[in-house]
$ cat structure.cif   # mmCIF, C-alpha atoms
data_input
#
loop_
_atom_site.label_atom_id
_atom_site.label_comp_id
_atom_site.auth_asym_id
_atom_site.auth_seq_id
_atom_site.Cartn_x
_atom_site.Cartn_y
_atom_site.Cartn_z
CA MET A 1 4.29 179.36 87.03
CA ALA A 2 4.36 175.64 87.92
CA ARG A 3 1.20 173.59 87.52
CA THR A 4 -0.37 172.19 90.63
CA PRO A 5 -0.56 168.39 90.87
CA ASN A 6 -4.36 168.54 90.86
CA ALA A 7 -4.42 170.59 87.65
CA SER A 8 -2.11 168.12 85.91
CA LYS A 9 -4.22 165.20 87.05
CA SER A 10 -7.39 166.89 85.83
CA ARG A 11 -5.88 167.60 82.41
CA ALA A 12 -4.57 164.05 82.04
CA GLN A 13 -7.91 162.48 82.85
CA LYS A 14 -9.87 164.60 80.38
CA PRO A 15 -11.55 162.22 77.91
CA PRO A 16 -10.70 162.56 74.21
CA LYS A 17 -13.11 164.50 72.05
CA GLN A 18 -15.65 162.51 70.03
CA ARG A 19 -15.35 163.30 66.36
CA GLY A 20 -18.22 162.67 63.99
CA LYS A 21 -20.46 159.76 64.85
CA SER A 22 -20.53 158.30 68.29
CA ALA A 23 -18.36 155.26 68.95
CA GLU A 24 -21.43 153.04 68.82
CA LYS A 25 -22.57 154.29 65.44
CA ALA A 26 -19.06 154.20 64.04
CA LYS A 27 -18.75 150.46 64.48
CA ARG A 28 -17.84 148.64 61.30
CA GLN A 29 -20.74 146.90 59.64
CA VAL A 30 -20.20 143.28 58.62
CA ILE A 31 -21.68 142.47 55.22
CA PRO A 32 -23.29 139.00 55.21
CA ILE A 33 -22.00 136.37 52.79
CA ILE A 34 -24.50 134.23 50.91
CA LEU A 35 -23.35 130.94 49.43
CA VAL A 36 -25.04 129.97 46.17
CA VAL A 37 -24.46 126.36 45.13
CA GLY A 38 -25.16 124.72 41.78
CA SER A 39 -23.88 122.68 38.89
CA HIS A 40 -20.40 123.15 37.40
CA ASP A 41 -21.73 122.15 33.98
CA ASN A 42 -21.80 125.03 31.49
CA GLU A 43 -24.91 123.71 29.76
CA GLU A 44 -26.72 123.70 33.09
CA GLY A 45 -25.61 127.28 33.63
CA GLU A 46 -27.20 128.35 30.37
CA LYS A 47 -30.29 126.27 30.96
CA HIS A 48 -30.94 127.83 34.36
CA LYS A 49 -29.65 131.34 33.70
CA ALA A 50 -33.04 132.90 34.49
CA LYS A 51 -32.89 131.51 38.01
CA CYS A 52 -29.27 132.63 38.34
CA GLU A 53 -30.28 136.14 37.32
CA THR A 54 -33.14 136.24 39.82
CA VAL A 55 -30.92 135.09 42.70
CA ALA A 56 -28.15 137.54 41.77
CA ALA A 57 -30.60 140.44 41.65
CA LEU A 58 -31.95 139.60 45.10
CA LEU A 59 -28.46 139.41 46.55
CA VAL A 60 -27.68 142.83 45.11
CA LYS A 61 -30.95 144.18 46.49
CA HIS A 62 -30.10 143.00 50.00
CA GLY A 63 -26.55 144.38 49.89
CA VAL A 64 -24.68 141.14 50.55
CA HIS A 65 -21.59 139.39 49.21
CA LEU A 66 -21.92 136.40 46.87
CA LEU A 67 -19.89 133.26 47.57
CA THR A 68 -19.66 130.31 45.18
CA GLY A 69 -17.30 127.41 44.57
CA GLY A 70 -15.65 129.59 41.93
CA GLY A 71 -16.17 127.25 39.00
CA PRO A 72 -18.03 127.15 35.70
CA GLY A 73 -21.71 126.45 35.03
CA VAL A 74 -24.31 127.75 37.46
CA MET A 75 -21.56 129.17 39.68
CA ALA A 76 -20.21 131.32 36.86
CA LYS A 77 -23.62 132.38 35.61
CA VAL A 78 -24.88 133.65 38.96
CA GLY A 79 -21.52 135.38 39.43
CA GLN A 80 -21.86 137.10 36.07
CA PHE A 81 -25.33 138.45 36.81
CA PHE A 82 -24.20 139.59 40.26
CA VAL A 83 -21.06 141.40 39.07
CA GLU A 84 -22.75 143.01 36.06
CA HIS A 85 -25.85 144.16 37.95
CA PRO A 86 -26.15 147.95 37.52
CA GLU A 87 -27.32 148.50 41.10
CA ARG A 88 -24.58 146.55 42.84
CA GLU A 89 -22.90 148.62 45.53
CA ALA A 90 -19.16 149.21 45.49
CA GLY A 91 -18.68 147.18 48.66
CA GLN A 92 -20.39 144.03 47.38
CA ARG A 93 -18.02 141.35 46.13
CA CYS A 94 -18.13 138.00 44.39
CA LEU A 95 -15.97 135.49 46.27
CA GLY A 96 -14.92 132.00 45.25
CA VAL A 97 -13.42 129.24 47.39
CA LEU A 98 -11.40 127.10 44.98
CA PRO A 99 -10.36 123.45 44.91
CA CYS A 100 -6.76 122.68 44.17
CA ASP A 101 -5.43 120.58 41.34
CA GLU A 102 -5.44 116.95 42.36
CA SER A 103 -1.74 116.47 41.56
CA ASN A 104 -0.48 119.92 42.63
CA SER A 105 -2.01 121.54 45.68
CA SER A 106 -0.24 124.84 45.01
CA VAL A 107 -2.49 125.66 42.04
CA ALA A 108 -6.23 125.73 41.49
CA LYS A 109 -8.14 123.07 39.62
CA LYS A 110 -8.38 123.67 35.88
CA GLY A 111 -11.26 126.00 35.08
CA TYR A 112 -11.13 127.68 38.50
CA PRO A 113 -11.70 130.50 39.23
CA ASN A 114 -14.22 131.61 36.65
CA CYS A 115 -13.73 135.13 35.29
CA TRP A 116 -16.44 136.63 37.54
CA VAL A 117 -14.76 135.81 40.85
CA GLU A 118 -13.34 139.04 42.28
CA ILE A 119 -11.82 137.55 45.42
CA PRO A 120 -10.46 134.04 44.79
CA ILE A 121 -9.63 132.01 47.89
CA PHE A 122 -7.19 129.25 47.02
CA THR A 123 -7.14 126.07 49.07
CA HIS A 124 -5.09 122.88 49.32
CA LEU A 125 -8.30 120.84 49.16
CA SER A 126 -8.98 118.82 46.01
CA GLY A 127 -12.17 117.05 47.05
CA LYS A 128 -10.76 113.90 45.43
CA LYS A 129 -9.50 110.57 46.74
CA LYS A 130 -7.72 107.66 45.09
CA LEU A 131 -8.83 104.16 45.94
CA PRO A 132 -6.44 101.20 46.11
CA GLY A 133 -6.17 99.46 42.75
CA LYS A 134 -8.07 102.22 40.95
CA GLN A 135 -6.60 104.69 38.48
CA LYS A 136 -9.42 107.20 38.58
CA SER A 137 -10.08 109.19 41.74
CA ILE A 138 -13.52 109.56 43.28
CA ASP A 139 -15.19 112.76 44.43
CA THR A 140 -15.34 113.30 48.19
CA PRO A 141 -17.62 116.35 48.54
CA LYS A 142 -18.33 115.85 52.26
CA GLU A 143 -15.00 114.56 53.50
CA ALA A 144 -12.35 116.66 55.25
CA ASN A 145 -10.38 117.19 52.03
CA SER A 146 -13.24 119.13 50.43
CA ARG A 147 -13.50 122.92 50.34
CA ASN A 148 -17.27 122.54 50.74
CA HIS A 149 -16.80 122.72 54.50
CA ILE A 150 -15.23 126.17 54.14
CA ASN A 151 -18.06 127.31 51.90
CA ALA A 152 -20.77 126.22 54.30
CA LEU A 153 -19.04 127.57 57.40
CA THR A 154 -18.34 130.93 55.77
CA ALA A 155 -21.93 131.50 54.70
CA SER A 156 -24.60 133.37 56.61
CA ALA A 157 -27.14 131.43 54.54
CA VAL A 158 -27.16 129.08 51.54
CA ILE A 159 -29.25 129.00 48.35
CA GLY A 160 -29.35 125.85 46.25
CA LEU A 161 -29.77 125.95 42.47
CA PRO A 162 -29.87 122.95 40.11
CA GLY A 163 -26.86 120.67 40.49
CA GLY A 164 -25.48 117.24 41.30
CA ASP A 165 -23.76 115.41 44.13
CA GLY A 166 -21.53 118.34 45.07
CA THR A 167 -24.48 120.71 45.30
CA LEU A 168 -26.34 118.32 47.57
CA ALA A 169 -23.24 117.85 49.71
CA GLU A 170 -22.95 121.60 50.29
CA LEU A 171 -26.59 121.86 51.27
CA GLU A 172 -26.27 118.94 53.69
CA LEU A 173 -23.12 120.44 55.21
CA ALA A 174 -24.94 123.75 55.60
CA VAL A 175 -27.69 122.02 57.56
CA ALA A 176 -25.13 120.13 59.66
CA TYR A 177 -23.37 123.42 60.44
CA GLU A 178 -26.72 125.05 61.27
CA ARG A 179 -26.73 127.51 58.39
CA PRO A 180 -30.17 128.50 57.08
CA CYS A 181 -30.63 127.11 53.60
CA VAL A 182 -33.28 126.92 50.90
CA THR A 183 -33.49 125.79 47.30
CA PHE A 184 -34.80 127.72 44.32
CA LEU A 185 -35.91 124.98 41.96
CA ASP A 186 -38.72 124.10 39.56
CA SER A 187 -38.74 120.56 40.93
CA GLU A 188 -36.92 118.57 43.59
CA ASP A 189 -35.16 116.36 41.06
CA GLN A 190 -33.12 119.32 39.79
CA ILE A 191 -30.64 118.52 42.56
CA LYS A 192 -29.47 114.94 42.34
CA GLY A 193 -30.34 112.91 45.43
CA LEU A 194 -32.21 115.68 47.22
CA SER A 195 -35.43 113.72 47.56
CA GLU A 196 -33.57 110.93 49.39
CA SER A 197 -31.48 113.21 51.61
CA GLN A 198 -31.75 112.72 55.37
CA PHE A 199 -31.95 116.52 55.63
CA ARG A 200 -34.71 116.93 53.07
CA THR A 201 -37.28 118.19 55.58
CA ARG A 202 -34.88 120.92 56.70
CA ILE A 203 -34.32 122.32 53.21
CA SER A 204 -37.35 124.19 51.90
CA ASN A 205 -37.91 125.00 48.24
CA VAL A 206 -39.07 128.59 47.81
CA SER A 207 -40.54 130.94 45.24
CA GLU A 208 -38.93 134.23 44.25
CA ALA A 209 -41.09 136.16 46.71
CA GLU A 210 -40.31 133.68 49.48
CA LEU A 211 -36.60 133.87 48.70
CA ASP A 212 -36.78 137.63 49.04
CA GLN A 213 -38.40 137.25 52.46
CA PHE A 214 -35.89 134.57 53.46
CA LEU A 215 -33.01 136.96 52.78
CA LYS A 216 -34.76 139.81 54.52
CA ALA A 217 -35.35 137.72 57.65
CA ILE A 218 -31.94 136.06 57.80
CA LEU A 219 -29.62 138.83 56.75
CA LYS A 220 -29.80 141.36 59.51
CA PRO A 221 -26.33 142.98 59.41
CA THR A 222 -24.27 142.57 62.56
CA LYS A 223 -21.72 145.04 63.91
CA VAL A 224 -18.31 144.41 65.41
#

$ encode --input "structure.cif" --output "structure tokens"
Amino acid sequence: MARTPNASKSRAQKPPKQRGKSAEKAKRQVIPIILVVGSHDNEEGEKHKAKCETVAALLVKHGVHLLTGGGPGVMAKVGQFFVEHPEREAGQRCLGVLPCDESNSSVAKKGYPNCWVEIPIFTHLSGKKKLPGKQKSIDTPKEANSRNHINALTASAVIGLPGGDGTLAELELAVAYERPCVTFLDSEDQIKGLSESQFRTRISNVSEAELDQFLKAILKPTKV
């Protein structure tokens, strides 16, 4: 028996069955990425490993990804504590945005990535510039050829640990790009130039308890 046009139309317009969670609840959750900046010096990493461990533990607690510049020193130490933390969830990852070799943009700078980076992101950005008449290049941590812009823009928030000019540059870029940022220091002079920075009043130094609250307030997962 032939179907009537109305019956066919009714069958065609029947909405698909919902399986499991509703469409709203099934939306993919975006895990926030926290940039931790600090010295590339290995001695500084050892010296400040207690702070690195505290920060890593808080990031694990709040269920976020860790992003660093992918190098040695403080970057490697916080990455180690994050990756080795026994309560880290399977979905949490340690990312590293890497500078390229100054003479060969197809490879990473020597010493990058450190062995704790699980997702290395290679760039063509050396963060170096040669000056006329000079053999040695200078660092350009805030110029367009620096990966620090990618780090700051990728982050949901930024935490500063002891470091030098590059660390300060990343914090200042974070402020310029309107990313919430704090430092976790014993004293202001643990980041070179911080006390003279034009953004100093917009970068608060916090205690462990305050850092915990900072992450809790900032890192409300979004859905897409």

$ closest_residue --input "structure.cif" --among "A:His65, A:His85, A:Lys128, A:His40" --to "A:Ala155" --atoms "all atoms listed in the file"
A:His65

$ residues_around --input "structure.cif" --residues "A:Lys130" --least-positions-apart "3" --cutoff "12 Å" --atoms "all atoms listed in the file" --output "mmCIF file with C-alpha atoms, in the coordinates of the input"
data_model
loop_
_atom_site.group_PDB
_atom_site.id
_atom_site.type_symbol
_atom_site.label_atom_id
_atom_site.label_comp_id
_atom_site.auth_asym_id
_atom_site.auth_seq_id
_atom_site.Cartn_x
_atom_site.Cartn_y
_atom_site.Cartn_z
ATOM 1 C CA GLU A 102 -5.440 116.950 42.360
ATOM 2 C CA SER A 103 -1.740 116.470 41.560
ATOM 3 C CA SER A 126 -8.980 118.820 46.010
ATOM 4 C CA GLY A 127 -12.170 117.050 47.050
ATOM 5 C CA GLY A 133 -6.170 99.460 42.750
ATOM 6 C CA LYS A 134 -8.070 102.220 40.950
ATOM 7 C CA GLN A 135 -6.600 104.690 38.480
ATOM 8 C CA LYS A 136 -9.420 107.200 38.580
ATOM 9 C CA SER A 137 -10.080 109.190 41.740
ATOM 10 C CA ILE A 138 -13.520 109.560 43.280
ATOM 11 C CA ASP A 139 -15.190 112.760 44.430
ATOM 12 C CA THR A 140 -15.340 113.300 48.190
#

$ residues_near_point --input "structure.cif" --point "(-31.1, 140.2, 45.9)" --cutoff "12 Å" --atoms "all atoms listed in the file" --output "PyMOL selection string"
chain A and resi 34+36+51-66+78+81-82+85+87-89+92+159+208-216+219

$ closest_residue --input "structure.cif" --among "A:Leu35, A:Val83, A:Leu173, A:Val158" --to "A:Val97" --atoms "only C-alpha atoms"
A:Leu35

$ closest_residue --input "structure.cif" --among "A:Thr68, A:Asn114, A:Ser197, A:Gln29" --to "A:Asn148" --atoms "all atoms listed in the file"
A:Thr68

$ residues_around --input "structure.cif" --residues "A:Ser106" --least-positions-apart "5" --cutoff "10 Å" --atoms "only C-alpha atoms" --output "number ranges by chain"
A: 100-101, 122-125

$ atom_distance --input "structure.cif" --atom1 "atom CA of A:Ala152" --atom2 "atom CA of A:Tyr177"
7.2 Å

$ atom_distance --input "structure.cif" --atom1 "atom CA of A:Val74" --atom2 "atom CA of A:Asn42"
7.0 Å

$ resolve_selection --input "structure.cif" --expression "the PyMOL selection byres ((chain A and resi 191) around 12)" --output "JSON, numbers by chain"
{"A": [37, 38, 39, 44, 160, 161, 162, 163, 164, 165, 166, 167, 168, 169, 170, 171, 172, 183, 184, 185, 186, 187, 188, 189, 190, 192, 193, 194, 195, 196, 197, 200, 203, 205]}

$ atom_distance --input "structure.cif" --atom1 "atom CA of A:Ser105" --atom2 "atom CA of A:His149"
17.3 Å

$ closest_residue --input "structure.cif" --among "A:Leu131, A:Ala176, A:Ala108, A:Ile121" --to "A:Leu67" --atoms "only C-alpha atoms"
A:Ile121

$ closest_residue --input "structure.cif" --among "A:Val206, A:Val30, A:Ala76, A:Ala90" --to "A:Ser156" --atoms "all atoms listed in the file"
A:Val30

$ residues_around --input "structure.cif" --residues "A:Gly111" --least-positions-apart "4" --cutoff "12 Å" --atoms "only C-alpha atoms" --output "list in words"
His40, Asp41, Asn42, Gly69, Gly70, Gly71, Pro72, Gly73, Met75, Ala76, Leu98, Pro99, Cys100, Asp101, Val107, Cys115 and Val117 of chain A

$ decode --input "structure.cif" --residues "stretch 125-180 of chain A" --atoms "C-alpha atoms" --output "mmCIF file, in the first residue's frame"
data_model
loop_
_atom_site.group_PDB
_atom_site.id
_atom_site.type_symbol
_atom_site.label_atom_id
_atom_site.label_comp_id
_atom_site.auth_asym_id
_atom_site.auth_seq_id
_atom_site.Cartn_x
_atom_site.Cartn_y
_atom_site.Cartn_z
ATOM 1 C CA LEU A 125 60.796 32.520 16.241
ATOM 2 C CA SER A 126 64.281 32.818 17.716
ATOM 3 C CA GLY A 127 63.784 35.848 19.949
ATOM 4 C CA LYS A 128 67.189 37.089 18.759
ATOM 5 C CA LYS A 129 68.368 39.950 16.574
ATOM 6 C CA LYS A 130 71.744 40.850 15.098
ATOM 7 C CA LEU A 131 72.849 44.452 15.224
ATOM 8 C CA PRO A 132 74.962 46.072 12.496
ATOM 9 C CA GLY A 133 78.659 45.719 13.239
ATOM 10 C CA LYS A 134 78.064 43.288 16.101
ATOM 11 C CA GLN A 135 78.893 39.589 16.086
ATOM 12 C CA LYS A 136 76.743 38.612 19.031
ATOM 13 C CA SER A 137 72.964 38.797 18.767
ATOM 14 C CA ILE A 138 70.777 40.444 21.379
ATOM 15 C CA ASP A 139 67.656 39.038 22.989
ATOM 16 C CA THR A 140 64.359 40.506 21.797
ATOM 17 C CA PRO A 141 61.808 39.029 24.237
ATOM 18 C CA LYS A 142 59.024 41.499 23.407
ATOM 19 C CA GLU A 143 59.532 41.988 19.688
ATOM 20 C CA ALA A 144 57.529 40.260 16.956
ATOM 21 C CA ASN A 145 60.188 37.567 16.456
ATOM 22 C CA SER A 146 59.693 36.218 19.986
ATOM 23 C CA ARG A 147 57.507 33.241 20.876
ATOM 24 C CA ASN A 148 56.582 35.041 24.102
ATOM 25 C CA HIS A 149 53.628 36.587 22.281
ATOM 26 C CA ILE A 150 52.261 33.107 21.547
ATOM 27 C CA ASN A 151 52.737 32.065 25.158
ATOM 28 C CA ALA A 152 50.887 35.060 26.543
ATOM 29 C CA LEU A 153 48.047 34.906 24.023
ATOM 30 C CA THR A 154 47.538 31.174 24.540
ATOM 31 C CA ALA A 155 47.253 31.434 28.308
ATOM 32 C CA SER A 156 44.082 31.809 30.332
ATOM 33 C CA ALA A 157 46.263 33.214 33.106
ATOM 34 C CA VAL A 158 49.976 33.635 33.879
ATOM 35 C CA ILE A 159 52.063 32.848 36.971
ATOM 36 C CA GLY A 160 55.510 34.369 37.346
ATOM 37 C CA LEU A 161 58.328 32.574 39.171
ATOM 38 C CA PRO A 162 61.899 33.846 39.667
ATOM 39 C CA GLY A 163 63.583 34.819 36.404
ATOM 40 C CA GLY A 164 65.237 37.474 34.289
ATOM 41 C CA ASP A 165 64.454 39.734 31.354
ATOM 42 C CA GLY A 166 62.521 37.081 29.440
ATOM 43 C CA THR A 167 60.317 36.322 32.424
ATOM 44 C CA LEU A 168 59.503 39.996 32.880
ATOM 45 C CA ALA A 169 58.780 40.348 29.163
ATOM 46 C CA GLU A 170 56.224 37.536 29.293
ATOM 47 C CA LEU A 171 54.490 39.073 32.286
ATOM 48 C CA GLU A 172 54.359 42.479 30.604
ATOM 49 C CA LEU A 173 52.988 40.941 27.407
ATOM 50 C CA ALA A 174 50.361 39.118 29.458
ATOM 51 C CA VAL A 175 49.219 42.416 30.938
ATOM 52 C CA ALA A 176 49.231 44.070 27.513
ATOM 53 C CA TYR A 177 47.100 41.212 26.142
ATOM 54 C CA GLU A 178 44.772 41.480 29.149
ATOM 55 C CA ARG A 179 45.609 38.102 30.646
ATOM 56 C CA PRO A 180 45.297 37.859 34.435
#
